[in-house]
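Structure file coords.cif; described as mmCIF, C-alpha atoms.
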data_model
#
loop_
_atom_site.label_atom_id
_atom_site.label_comp_id
_atom_site.auth_asym_id
_atom_site.auth_seq_id
_atom_site.Cartn_x
_atom_site.Cartn_y
_atom_site.Cartn_z
CA MET X 122 -29.02 5.89 8.30
CA PRO X 123 -28.15 7.53 11.67
CA PRO X 124 -25.01 6.32 13.50
CA THR X 125 -27.16 4.72 16.20
CA ASP X 126 -28.49 2.27 13.60
CA ARG X 127 -25.03 1.32 12.31
CA HIS X 128 -23.44 -1.96 13.41
CA PHE X 129 -19.77 -2.31 12.40
CA LEU X 130 -17.81 -5.56 12.23
CA PHE X 131 -14.02 -5.15 12.03
CA LEU X 132 -11.75 -7.90 10.71
CA GLN X 133 -7.95 -7.67 10.52
CA GLY X 134 -6.33 -4.25 10.40
CA PRO X 135 -2.89 -2.66 10.16
CA HIS X 136 -0.40 -3.64 12.86
CA GLY X 137 -0.85 -1.50 15.93
CA PRO X 138 -3.75 0.29 17.68
CA TRP X 139 -5.35 2.03 14.68
CA PHE X 140 -8.49 -0.13 14.42
CA HIS X 141 -9.14 0.10 18.16
CA ARG X 142 -8.86 3.90 18.09
CA LEU X 143 -11.18 4.12 15.09
CA ALA X 144 -13.76 1.87 16.78
CA GLY X 145 -13.75 4.14 19.83
CA LEU X 146 -14.66 7.14 17.70
CA LEU X 147 -17.45 5.25 15.94
CA ARG X 148 -18.85 4.20 19.32
CA ALA X 149 -18.71 7.82 20.47
CA ALA X 150 -20.84 8.71 17.42
CA GLY X 151 -23.46 6.19 18.57
CA ALA X 152 -22.61 3.13 16.48
CA ARG X 153 -22.11 -0.41 17.82
CA VAL X 154 -18.81 -2.13 17.02
CA TRP X 155 -17.42 -5.68 17.12
CA ARG X 156 -14.05 -7.09 16.14
CA VAL X 157 -13.21 -10.62 15.00
CA GLY X 158 -9.76 -11.75 16.14
CA PHE X 159 -7.90 -14.63 14.54
CA ASN X 160 -4.77 -14.67 16.75
CA LEU X 161 -3.31 -13.19 19.93
CA GLY X 162 -1.94 -10.20 18.03
CA ASP X 163 -5.48 -9.24 17.06
CA ARG X 164 -6.58 -9.59 20.68
CA ILE X 165 -3.72 -7.57 22.17
CA PHE X 166 -4.48 -4.62 19.91
CA TRP X 167 -8.21 -4.73 20.74
CA PRO X 168 -8.26 -4.40 24.54
CA GLY X 169 -11.82 -3.10 24.82
CA PRO X 170 -15.30 -4.63 24.45
CA GLY X 171 -16.78 -6.26 21.37
CA TYR X 172 -14.02 -8.81 20.75
CA VAL X 173 -15.07 -12.08 19.09
CA ALA X 174 -12.43 -14.81 18.83
CA PHE X 175 -12.44 -17.13 15.84
CA ASP X 176 -10.22 -20.14 16.45
CA GLY X 177 -11.88 -22.69 14.20
CA PRO X 178 -10.59 -24.24 10.97
CA GLN X 179 -10.39 -21.85 8.02
CA ALA X 180 -13.02 -23.91 6.20
CA ASP X 181 -15.52 -22.92 8.91
CA TRP X 182 -14.94 -19.18 8.51
CA PRO X 183 -17.61 -18.39 5.85
CA ALA X 184 -20.37 -19.96 7.94
CA ALA X 185 -19.10 -18.27 11.11
CA CYS X 186 -18.89 -14.92 9.33
CA ALA X 187 -22.44 -15.21 7.98
CA ALA X 188 -23.65 -16.09 11.48
CA LEU X 189 -21.96 -12.99 12.91
CA PHE X 190 -23.65 -10.84 10.27
CA ASP X 191 -27.04 -12.20 11.33
CA GLN X 192 -26.44 -12.29 15.08
CA HIS X 193 -25.33 -8.66 15.32
CA ALA X 194 -27.41 -7.26 12.42
CA ILE X 195 -24.20 -6.01 10.82
CA THR X 196 -24.58 -3.05 8.46
CA ASP X 197 -20.88 -2.31 7.84
CA LEU X 198 -17.78 -4.48 7.36
CA VAL X 199 -14.36 -2.89 7.99
CA LEU X 200 -11.04 -4.40 6.91
CA TYR X 201 -7.49 -3.64 5.85
CA GLY X 202 -6.92 -4.97 2.35
CA ASP X 203 -9.53 -7.03 0.53
CA THR X 204 -7.54 -9.94 -0.90
CA ARG X 205 -6.33 -12.04 2.03
CA PRO X 206 -8.53 -15.18 2.07
CA ILE X 207 -10.54 -14.42 5.23
CA HIS X 208 -11.28 -10.92 3.94
CA ALA X 209 -12.15 -11.97 0.40
CA ARG X 210 -14.69 -14.49 1.70
CA ALA X 211 -16.21 -11.94 4.08
CA VAL X 212 -16.46 -9.33 1.32
CA ALA X 213 -18.31 -11.78 -0.93
CA LEU X 214 -20.79 -12.57 1.85
CA ALA X 215 -21.23 -8.88 2.68
CA ARG X 216 -22.09 -8.05 -0.92
CA GLN X 217 -24.72 -10.77 -0.97
CA ALA X 218 -26.23 -9.40 2.25
CA GLY X 219 -26.17 -5.74 1.16
CA ILE X 220 -23.59 -4.82 3.83
CA THR X 221 -21.37 -1.79 3.17
CA VAL X 222 -17.69 -2.76 2.86
CA HIS X 223 -15.10 -0.25 4.09
CA VAL X 224 -11.56 -0.98 2.86
CA PHE X 225 -8.40 0.64 4.20
CA GLU X 226 -5.07 0.37 2.41
CA GLU X 227 -1.70 2.09 2.33
CA GLY X 228 -2.03 5.37 0.48
CA TYR X 229 -2.04 5.42 -3.30
CA LEU X 230 -0.13 8.68 -2.77
CA ARG X 231 1.82 7.42 0.23
CA PRO X 232 3.46 8.02 2.59
CA TYR X 233 1.52 10.84 4.23
CA TRP X 234 -1.89 9.66 3.08
CA VAL X 235 -3.83 6.43 3.53
CA THR X 236 -6.49 5.03 1.24
CA TYR X 237 -10.13 4.69 2.29
CA GLU X 238 -12.56 3.19 -0.25
CA ARG X 239 -15.75 1.19 -0.31
CA GLY X 240 -16.19 -2.15 -1.99
CA GLY X 241 -12.54 -2.78 -2.85
CA ALA X 242 -9.04 -1.37 -3.24
CA ASN X 243 -6.18 -1.55 -5.74
CA GLY X 244 -7.32 -3.72 -8.66
CA HIS X 245 -10.82 -3.90 -7.14
CA SER X 246 -11.11 -0.13 -6.66
CA LYS X 247 -13.81 1.96 -8.29
CA LEU X 248 -10.93 3.98 -9.73
CA MET X 249 -10.29 1.17 -12.20
CA GLY X 250 -13.53 2.05 -13.99
CA LEU X 251 -13.16 5.82 -13.86
CA SER X 252 -11.60 7.69 -16.78
CA VAL X 253 -9.58 10.89 -16.43
CA ALA X 254 -12.48 12.70 -18.14
CA ASP X 255 -14.84 11.43 -15.40
CA MET X 256 -12.47 12.79 -12.77
CA GLN X 257 -12.08 16.15 -14.49
CA ALA X 258 -15.85 16.51 -14.61
CA ALA X 259 -16.11 15.83 -10.87
CA LEU X 260 -13.48 18.51 -10.15
CA VAL X 261 -15.35 21.35 -11.85
CA ARG X 262 -16.22 23.00 -8.53
CA VAL X 263 -12.86 22.33 -6.84
CA ASP X 264 -9.80 24.52 -7.40
CA LEU X 265 -7.55 24.21 -4.35
CA ASP X 266 -3.77 24.19 -4.22
CA LEU X 267 -2.76 20.72 -3.10
CA PRO X 268 0.57 19.61 -1.61
CA ASP X 269 3.43 17.88 -3.36
CA ALA X 270 3.83 14.17 -2.76
CA PRO X 271 6.55 13.71 -0.11
CA ALA X 272 9.31 11.34 -1.08
CA THR X 273 9.95 9.66 2.26
CA TRP X 274 7.90 7.17 4.24
CA GLY X 275 6.56 9.09 7.22
CA ASP X 276 6.53 6.38 9.94
CA MET X 277 8.83 3.58 8.82
CA ARG X 278 10.29 2.85 12.26
CA GLN X 279 6.85 2.72 13.85
CA HIS X 280 5.63 0.43 11.06
CA MET X 281 8.48 -1.99 11.70
CA PHE X 282 8.04 -1.81 15.49
CA TRP X 283 4.31 -2.60 15.41
CA GLY X 284 4.93 -5.36 12.85
CA ALA X 285 7.55 -7.05 15.03
CA LEU X 286 5.36 -6.72 18.15
CA TYR X 287 2.28 -8.08 16.36
CA HIS X 288 4.03 -11.16 14.98
CA GLY X 289 5.68 -11.78 18.35
CA CYS X 290 2.23 -11.81 19.98
CA VAL X 291 0.87 -14.11 17.29
CA ALA X 292 3.72 -16.57 17.90
CA LEU X 293 3.25 -16.48 21.68
CA GLY X 294 -0.48 -17.08 21.41
CA PHE X 295 -0.39 -19.92 18.93
CA GLY X 296 -1.67 -22.39 21.54
CA ALA X 297 -4.94 -20.49 21.86
CA TYR X 298 -5.43 -20.08 18.09
CA ARG X 299 -4.06 -23.32 16.70
CA ASN X 300 -6.09 -23.09 13.50
CA PHE X 301 -4.81 -19.64 12.55
CA ARG X 302 -2.97 -19.54 9.22
CA PRO X 303 -1.27 -16.33 8.04
CA HIS X 304 -2.26 -15.06 4.61
CA ARG X 305 1.38 -15.20 3.51
CA ALA X 306 3.54 -18.25 2.80
CA LEU X 307 5.90 -17.87 5.78
CA THR X 308 5.08 -19.07 9.25
CA VAL X 309 4.40 -16.57 12.03
CA GLY X 310 7.77 -17.37 13.60
CA GLN X 311 9.56 -16.72 10.34
CA GLU X 312 7.73 -13.40 9.91
CA PHE X 313 8.70 -12.35 13.44
CA ARG X 314 12.38 -13.22 12.89
CA LEU X 315 12.44 -11.26 9.63
CA TYR X 316 10.94 -8.17 11.29
CA LEU X 317 13.42 -8.45 14.17
CA LYS X 318 16.38 -8.99 11.83
CA ARG X 319 15.43 -5.94 9.76
CA LEU X 320 15.23 -3.77 12.88
CA VAL X 321 18.67 -4.95 14.06
CA LEU X 322 20.33 -4.51 10.66
CA MET X 323 18.86 -1.08 9.90
CA PRO X 324 22.15 0.83 10.57
CA PHE X 325 24.17 -1.50 8.33
CA HIS X 326 21.59 -1.40 5.54
CA ARG X 327 21.49 2.39 5.76
CA LEU X 328 25.25 2.58 5.23
CA GLU X 329 25.12 0.12 2.32
CA ARG X 330 22.27 2.11 0.75
CA ARG X 331 24.08 5.42 1.05
CA ILE X 332 27.19 4.04 -0.60
CA ALA X 333 25.21 2.51 -3.49
CA THR X 334 23.16 5.68 -4.00
CA ALA X 335 26.26 7.89 -3.96
CA ARG X 336 27.95 5.75 -6.62
CA ILE X 337 24.93 6.06 -8.89
CA ARG X 338 24.41 9.78 -8.40
CA GLN X 339 28.09 10.53 -8.88
CA GLY X 340 28.52 8.15 -11.81
CA GLY X 341 27.55 10.70 -14.45
CA PHE X 342 25.60 8.20 -16.56
CA PRO X 343 21.94 8.29 -17.67
CA TYR X 344 19.89 5.63 -15.90
CA HIS X 345 16.42 4.10 -15.78
CA LEU X 346 14.87 3.20 -12.43
CA ALA X 347 13.05 -0.09 -11.76
CA ILE X 348 10.84 0.31 -8.67
CA LEU X 349 10.49 -3.04 -6.91
CA GLN X 350 7.70 -4.25 -4.64
CA LEU X 351 7.32 -6.90 -1.97
CA GLU X 352 6.72 -10.24 -3.64
CA HIS X 353 4.21 -11.14 -0.92
CA ASP X 354 2.30 -7.85 -1.18
CA ALA X 355 -1.33 -8.12 -2.30
CA SER X 356 -0.85 -5.69 -5.20
CA PHE X 357 1.90 -7.86 -6.67
CA ARG X 358 0.40 -11.21 -5.72
CA ASP X 359 -3.19 -10.61 -6.83
CA HIS X 360 -3.03 -7.81 -9.41
CA SER X 361 0.03 -8.59 -11.54
CA PRO X 362 0.86 -11.09 -14.30
CA PHE X 363 3.94 -12.39 -12.47
CA ALA X 364 4.18 -15.40 -10.17
CA SER X 365 7.45 -14.18 -8.67
CA MET X 366 9.64 -11.09 -8.55
CA THR X 367 12.32 -13.03 -10.43
CA GLU X 368 10.07 -13.08 -13.51
CA PHE X 369 9.78 -9.30 -13.40
CA LEU X 370 13.54 -8.86 -12.92
CA ALA X 371 14.25 -11.06 -15.94
CA ILE X 372 11.81 -9.21 -18.22
CA VAL X 373 13.17 -5.79 -17.24
CA ILE X 374 16.81 -6.78 -17.72
CA GLU X 375 16.02 -8.40 -21.07
CA GLY X 376 14.14 -5.32 -22.28
CA PHE X 377 16.95 -3.06 -21.13
CA ALA X 378 19.61 -5.21 -22.80
CA THR X 379 17.67 -5.18 -26.08
CA GLY X 380 16.52 -1.59 -26.25
CA ALA X 381 18.52 0.78 -24.07
CA PRO X 382 21.40 2.84 -25.50
CA ALA X 383 24.78 1.32 -24.69
CA HIS X 384 25.77 4.16 -22.35
CA HIS X 385 22.61 3.95 -20.20
CA HIS X 386 22.42 2.14 -16.87
CA LEU X 387 19.61 0.35 -15.00
CA VAL X 388 18.97 0.80 -11.28
CA PHE X 389 16.76 -1.56 -9.25
CA LYS X 390 15.45 -0.03 -6.03
CA ALA X 391 14.04 -2.37 -3.39
CA HIS X 392 10.92 -1.65 -1.38
CA PRO X 393 11.62 0.09 1.97
CA LEU X 394 10.19 -2.92 3.83
CA GLU X 395 12.08 -5.57 1.84
CA ASP X 396 13.23 -8.12 4.42
CA GLY X 397 15.40 -10.50 2.43
CA ARG X 398 12.92 -13.35 2.01
CA VAL X 399 13.58 -12.98 -1.74
CA PRO X 400 17.33 -12.83 -2.62
CA LEU X 401 16.98 -9.83 -4.93
CA SER X 402 20.61 -8.73 -5.09
CA PRO X 403 22.05 -12.15 -6.09
CA GLN X 404 19.30 -12.65 -8.67
CA ILE X 405 19.89 -9.24 -10.23
CA ARG X 406 23.65 -9.85 -10.39
CA ARG X 407 23.11 -13.23 -12.03
CA LEU X 408 20.62 -11.98 -14.62
CA ALA X 409 22.76 -8.95 -15.45
CA ALA X 410 25.87 -11.08 -15.86
CA GLU X 411 24.06 -13.45 -18.22
CA ARG X 412 23.32 -10.49 -20.54
CA GLY X 413 26.78 -8.96 -20.21
CA LEU X 414 25.46 -6.02 -18.17
CA ALA X 415 27.28 -6.53 -14.88
CA ASP X 416 28.79 -3.04 -14.93
CA ARG X 417 25.56 -1.28 -16.02
CA VAL X 418 23.01 -2.73 -13.59
CA HIS X 419 22.81 -1.56 -9.95
CA PHE X 420 20.83 -2.49 -6.84
CA VAL X 421 19.81 -0.15 -4.00
CA ARG X 422 18.37 -1.58 -0.80
CA GLY X 423 15.25 0.46 0.10
CA GLY X 424 15.62 4.03 1.31
CA LYS X 425 14.35 7.30 -0.12
CA LEU X 426 13.03 7.20 -3.64
CA ALA X 427 13.36 10.91 -4.46
CA GLN X 428 17.15 10.93 -4.62
CA LEU X 429 17.08 8.36 -7.40
CA LEU X 430 13.93 9.55 -9.19
CA ASN X 431 15.16 13.14 -9.48
CA ASP X 432 17.92 12.14 -11.92
CA ALA X 433 16.28 9.16 -13.66
CA ARG X 434 15.35 9.11 -17.35
CA SER X 435 12.33 6.85 -16.83
CA ALA X 436 10.78 4.41 -14.37
CA VAL X 437 9.35 0.93 -14.66
CA THR X 438 7.34 -1.06 -12.12
CA VAL X 439 4.73 -3.78 -11.81
CA ASN X 440 2.05 -1.70 -10.09
CA SER X 441 3.78 0.00 -7.16
CA THR X 442 2.10 3.10 -5.78
CA ALA X 443 5.57 4.67 -5.97
CA GLY X 444 4.99 4.91 -9.71
CA GLN X 445 2.94 7.98 -8.91
CA GLN X 446 6.04 9.78 -7.68
CA ALA X 447 7.55 9.23 -11.12
CA LEU X 448 4.43 10.62 -12.80
CA TRP X 449 4.41 13.65 -10.49
CA ARG X 450 7.91 14.43 -11.77
CA GLY X 451 6.81 14.04 -15.38
CA LEU X 452 8.92 10.92 -15.89
CA PRO X 453 7.90 8.30 -18.45
CA LEU X 454 6.44 5.30 -16.66
CA ARG X 455 5.87 1.72 -17.81
CA ASN X 456 3.85 -0.63 -15.61
CA PHE X 457 2.73 -4.26 -15.98
CA GLY X 458 0.03 -4.97 -13.40
CA ALA X 459 -3.41 -3.59 -12.62
CA ALA X 460 -2.95 -0.18 -10.97
CA VAL X 461 -5.34 2.64 -10.17
CA TYR X 462 -3.02 5.09 -11.97
CA ALA X 463 -2.65 3.01 -15.16
CA LYS X 464 -4.54 5.47 -17.36
CA PRO X 465 -3.60 5.80 -21.05
CA GLU X 466 -3.06 9.54 -20.68
CA PHE X 467 0.04 9.11 -18.55
CA VAL X 468 1.27 5.50 -18.50
CA SER X 469 3.18 4.15 -21.49
CA SER X 470 2.01 1.06 -23.35
CA GLN X 471 5.22 0.72 -25.40
CA PRO X 472 6.98 -2.65 -25.62
CA LEU X 473 9.68 -2.59 -22.98
CA GLU X 474 12.61 -2.49 -25.40
CA ALA X 475 11.05 0.49 -27.20
CA PHE X 476 10.36 2.16 -23.86
CA PHE X 477 14.02 1.92 -22.82
CA ALA X 478 15.11 3.17 -26.26
CA ALA X 479 12.80 6.23 -26.41
CA PRO X 480 10.24 6.42 -23.58
CA GLU X 481 7.05 8.39 -24.14
CA ARG X 482 6.40 11.16 -21.65
CA PRO X 483 3.12 11.34 -19.70
CA ASP X 484 0.43 13.96 -20.10
CA THR X 485 1.33 15.79 -16.90
CA ARG X 486 -1.77 18.00 -16.96
CA ALA X 487 -3.99 14.93 -17.03
CA TYR X 488 -1.99 13.37 -14.21
CA ARG X 489 -2.33 16.47 -12.03
CA ASP X 490 -6.10 16.32 -12.47
CA TYR X 491 -6.03 12.64 -11.55
CA ARG X 492 -3.92 13.31 -8.47
CA ARG X 493 -6.15 16.19 -7.40
CA PHE X 494 -9.17 13.88 -7.72
CA LEU X 495 -7.54 11.32 -5.42
CA LEU X 496 -6.61 13.92 -2.81
CA GLU X 497 -10.20 15.19 -2.80
CA THR X 498 -11.66 11.68 -2.40
CA SER X 499 -9.99 8.47 -1.21
CA GLN X 500 -6.63 9.79 0.02
CA VAL X 501 -6.85 10.87 3.65
CA VAL X 502 -4.10 12.74 5.48
CA GLY X 503 -2.54 10.64 8.23
CA GLY X 504 -1.04 7.23 8.87
CA PHE X 505 -1.70 3.95 10.67
CA TYR X 506 1.52 3.58 12.63
CA SER X 507 2.54 6.84 14.30
CA ALA X 508 0.46 8.53 17.03
CA ARG X 509 0.27 11.85 15.18
CA GLY X 510 -0.61 10.09 11.94
CA ARG X 511 -3.50 8.27 13.65
CA ARG X 512 -4.76 11.51 15.19
CA ALA X 513 -4.84 13.24 11.82
CA LEU X 514 -6.56 10.27 10.20
CA LEU X 515 -9.27 10.06 12.86
CA ARG X 516 -10.22 13.70 12.30
CA GLN X 517 -11.43 12.83 8.81
CA VAL X 518 -12.14 9.19 8.29
CA ALA X 519 -14.87 8.46 10.86
CA ASP X 520 -17.16 11.04 9.24
CA MET X 521 -16.33 9.58 5.83
CA MET X 522 -17.36 6.12 7.01
CA LEU X 523 -20.62 7.39 8.50
CA SER X 524 -21.52 9.30 5.33
CA ALA X 525 -24.16 7.84 3.01
CA ASP X 526 -21.85 8.53 0.04
CA ASP X 527 -18.55 6.85 -0.69
CA PRO X 528 -15.57 9.21 -1.19
CA TYR X 529 -16.05 9.43 -4.97
CA GLN X 530 -19.81 9.98 -4.80
CA ALA X 531 -19.33 12.65 -2.12
CA LEU X 532 -17.17 14.76 -4.43
CA THR X 533 -19.56 14.43 -7.35
CA SER X 534 -22.56 15.35 -5.20
CA GLY X 535 -20.77 18.28 -3.59
CA LYS X 536 -20.92 16.76 -0.08
CA ALA X 537 -17.22 15.97 0.36
CA ALA X 538 -15.68 17.50 3.48
CA PRO X 539 -12.72 19.89 3.03
CA ARG X 540 -9.43 18.04 2.93
CA GLN X 541 -7.07 18.30 5.89
CA GLN X 542 -3.67 19.91 5.26
CA LEU X 543 -0.54 17.81 5.12
CA ARG X 544 1.31 19.88 7.74
CA LEU X 545 -0.72 18.19 10.49
CA VAL X 546 1.26 14.97 10.25
CA ARG X 547 4.72 16.28 9.53
#
This entry written out as structure tokens:
Amino acid sequence: MPPTDRHFLFLQGPHGPWFHRLAGLLRAAGARVWRVGFNLGDRIFWPGPGYVAFDGPQADWPAACAALFDQHAITDLVLYGDTRPIHARAVALARQAGITVHVFEEGYLRPYWVTYERGGANGHSKLMGLSVADMQAALVRVDLDLPDAPATWGDMRQHMFWGALYHGCVALGFGAYRNFRPHRALTVGQEFRLYLKRLVLMPFHRLERRIATARIRQGGFPYHLAILQLEHDASFRDHSPFASMTEFLAIVIEGFATGAPAHHHLVFKAHPLEDGRVPLSPQIRRLAAERGLADRVHFVRGGKLAQLLNDARSAVTVNSTAGQQALWRGLPLRNFGAAVYAKPEFVSSQPLEAFFAAPERPDTRAYRDYRRFLLETSQVVGGFYSARGRRALLRQVADMMLSADDPYQALTSGKAAPRQQLRLVR
């Protein structure tokens, strides 16, 4: 189908101007584009034409969405994440109508890549049904040297800035969108205050993090690393067996207490965007004390993962994408939730106490093939939040969206475009 016959409907995107910039490029290719806004933040970051405000009750959204599909002869639905309620309902309607669904997410190999897939992401990704053997077969004609996975988040400050600005706009415009309900449990005002608080406290948290990391690295003890996620993140909320992060903390500490050698330690590392809505540090101290492990369990508030991973004996997580940094280093990894990297070739299925006692190492050759497959398909160089990251992303992703093949089909058919080099966004 030529671009002039494509009609795109955008829903909610990452904080900031990314969706608006992408829409401009699609229009330049000849497509028609609309955007549904659910709050003032959506409106502020879509200053151009094609904006459609939805301010009705949430119960009216499915009917309104179906009407928009018909009214504008929509061929393509574009969204960021596929699990928030308004997106999940739209995706279901799009599938019934034969509309192509384009899903953006944070990179499975973040931070210098983003994820672009069709139909679904994370636990709904096509990767869930692909074996390593399938991927190896698709790579027969590809033999490029691909970059290492960087260990730092490329645009953290920009991410926090756009997040604070977005939630501030949402709060200011509540009168015009009284029926808007965020997809997370906190109110818009609470979200804004948390973003603002995190920005203000960044210098103090950085100092605390450096002290905690130095104590661990200079302690001279073997340790296992537990990689934490945001409790409100879609991967944890919708693709894990846990109702709360506290449940995961308790299981990890119990498994460590039962199985780990007495001279080993356990380090919990918080997500870089952890904002304090879950009192992780007090909970970890309490659970460790109950098992007599107060001097062997540590907590690090966010920061760079590489410094801790480089010296770890193993890693454990629910389904964090950061687990892939452990696999890239050849570290044993145990996960609990649905994850695109949870393949039997390189993720342990041992009971947790046995894993801490003698963790099984991954098949690193199989993992490198898996990683190469991702970098040739759904992982696109760039980022949502920095200007240079958006520029790099636009160079690739508009053509991918206009292609008849999804990223995985394009590689198999030999039609995938050459991948952009990582240096462009550094």
For the interface of range 169-257 of chain X with range 524-535 of chain X (cut-off 10 Å, counting only C-alpha atoms), please tabulate each contacting residue of range 169-257 of chain X alongside its nearest pair of atoms and their separation in Å to one decimal, rows sorted by chain and increasing number, as JSON lines.
{"residue": "X:Thr221", "atom": "CA", "partner": "X:Asp527", "partner_atom": "CA", "distance": 9.9}
{"residue": "X:His223", "atom": "CA", "partner": "X:Asp527", "partner_atom": "CA", "distance": 9.2}
{"residue": "X:Tyr237", "atom": "CA", "partner": "X:Pro528", "partner_atom": "CA", "distance": 7.9}
{"residue": "X:Glu238", "atom": "CA", "partner": "X:Pro528", "partner_atom": "CA", "distance": 6.8}
{"residue": "X:Arg239", "atom": "CA", "partner": "X:Asp527", "partner_atom": "CA", "distance": 6.3}
{"residue": "X:Gly240", "atom": "CA", "partner": "X:Asp527", "partner_atom": "CA", "distance": 9.4}
{"residue": "X:Lys247", "atom": "CA", "partner": "X:Tyr529", "partner_atom": "CA", "distance": 8.5}
{"residue": "X:Leu248", "atom": "CA", "partner": "X:Tyr529", "partner_atom": "CA", "distance": 8.9}
{"residue": "X:Asp255", "atom": "CA", "partner": "X:Thr533", "partner_atom": "CA", "distance": 9.8}
{"residue": "X:Met256", "atom": "CA", "partner": "X:Thr533", "partner_atom": "CA", "distance": 9.1}
> How many Å lie between CA of Arg422 in chain X and CA of Leu401 in chain X, rounded to one decimal?
Replying inline: 9.3 Å
> Taking the file as shown, what set of residues would the PyMOL selection byres ((chain X and resi 384) around 12) give back, as JSON, numbers by chain?
Replying inline: {"X": [340, 341, 342, 343, 344, 345, 377, 378, 380, 381, 382, 383, 385, 386, 387, 414, 416, 417, 418, 477, 478]}
Now that the selection is made, can you save its residues with C-alpha atoms as a CSV table (one decimal), in the coordinates of the input?
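Output below, filename out10.csv:
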chain,number,residue,atom,x,y,z
X,340,GLY,CA,28.5,8.2,-11.8
X,341,GLY,CA,27.6,10.7,-14.4
X,342,PHE,CA,25.6,8.2,-16.6
X,343,PRO,CA,21.9,8.3,-17.7
X,344,TYR,CA,19.9,5.6,-15.9
X,345,HIS,CA,16.4,4.1,-15.8
X,377,PHE,CA,17.0,-3.1,-21.1
X,378,ALA,CA,19.6,-5.2,-22.8
X,380,GLY,CA,16.5,-1.6,-26.2
X,381,ALA,CA,18.5,0.8,-24.1
X,382,PRO,CA,21.4,2.8,-25.5
X,383,ALA,CA,24.8,1.3,-24.7
X,385,HIS,CA,22.6,4.0,-20.2
X,386,HIS,CA,22.4,2.1,-16.9
X,387,LEU,CA,19.6,0.4,-15.0
X,414,LEU,CA,25.5,-6.0,-18.2
X,416,ASP,CA,28.8,-3.0,-14.9
X,417,ARG,CA,25.6,-1.3,-16.0
X,418,VAL,CA,23.0,-2.7,-13.6
X,477,PHE,CA,14.0,1.9,-22.8
X,478,ALA,CA,15.1,3.2,-26.3
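When the PyMOL selection byres ((chain X and resi 279) around 10) is evaluated on the file shown here, the picked residues come out as His136, Gly137, Gly275, Asp276, Met277, Arg278, His280, Met281, Phe282, Trp283, Gly284, Ala285, Phe505, Tyr506, Ser507 and Ala508 of chain X.
Among the candidates X:Phe129, X:Phe363, X:Phe301, X:Trp234, the one nearest to Ala174 in chain X when counting all atoms listed in the file is X:Phe301.
Shortest atom-to-atom contact with Val291 in chain X among X:Arg492, X:Pro123, X:Val501, X:Phe159: X:Phe159, counting all atoms listed in the file.
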>> What's the separation between CA of Lys390 in chain X and CA of Gly423 in chain X, in Å to one decimal place?
In response: 6.2 Å
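Note that the spacing between CA of Ala335 in chain X and CA of Leu349 in chain X amounts to 19.4 Å.
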Using all atoms listed in the file, give me every residue within 10 Å of (2.7, 1.5, -6.4) in file coordinates, as an mmCIF file with C-alpha atoms, in the frame of the given file.
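Saved the output as out_20.cif:
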data_model
loop_
_atom_site.group_PDB
_atom_site.id
_atom_site.type_symbol
_atom_site.label_atom_id
_atom_site.label_comp_id
_atom_site.auth_asym_id
_atom_site.auth_seq_id
_atom_site.Cartn_x
_atom_site.Cartn_y
_atom_site.Cartn_z
ATOM 1 C CA GLU X 227 -1.700 2.090 2.330
ATOM 2 C CA GLY X 228 -2.030 5.370 0.480
ATOM 3 C CA TYR X 229 -2.040 5.420 -3.300
ATOM 4 C CA LEU X 230 -0.130 8.680 -2.770
ATOM 5 C CA ARG X 231 1.820 7.420 0.230
ATOM 6 C CA ASN X 243 -6.180 -1.550 -5.740
ATOM 7 C CA ILE X 348 10.840 0.310 -8.670
ATOM 8 C CA LEU X 349 10.490 -3.040 -6.910
ATOM 9 C CA GLN X 350 7.700 -4.250 -4.640
ATOM 10 C CA SER X 356 -0.850 -5.690 -5.200
ATOM 11 C CA PHE X 357 1.900 -7.860 -6.670
ATOM 12 C CA THR X 438 7.340 -1.060 -12.120
ATOM 13 C CA VAL X 439 4.730 -3.780 -11.810
ATOM 14 C CA ASN X 440 2.050 -1.700 -10.090
ATOM 15 C CA SER X 441 3.780 0.000 -7.160
ATOM 16 C CA THR X 442 2.100 3.100 -5.780
ATOM 17 C CA ALA X 443 5.570 4.670 -5.970
ATOM 18 C CA GLY X 444 4.990 4.910 -9.710
ATOM 19 C CA GLN X 445 2.940 7.980 -8.910
ATOM 20 C CA GLN X 446 6.040 9.780 -7.680
ATOM 21 C CA ASN X 456 3.850 -0.630 -15.610
ATOM 22 C CA GLY X 458 0.030 -4.970 -13.400
ATOM 23 C CA ALA X 460 -2.950 -0.180 -10.970
ATOM 24 C CA VAL X 461 -5.340 2.640 -10.170
ATOM 25 C CA TYR X 462 -3.020 5.090 -11.970
#
>> Starting from the PyMOL selection byres ((chain X and resi 154) around 12), expand the selection into actual residues of this file and give them as a ChimeraX atom specification.
In response: /X:124-132,140-153,155-157,167,169-173,193-199
>> Report as a ChimeraX atom specification all protein, DNA and RNA residues lying within 12 Å of Pro400 in chain X, evaluated on all atoms listed in the file, omitting residues in the same chain fewer than 2 positions from it.
In response: /X:351-352,365-367,370,391,395-398,402-407,420,422
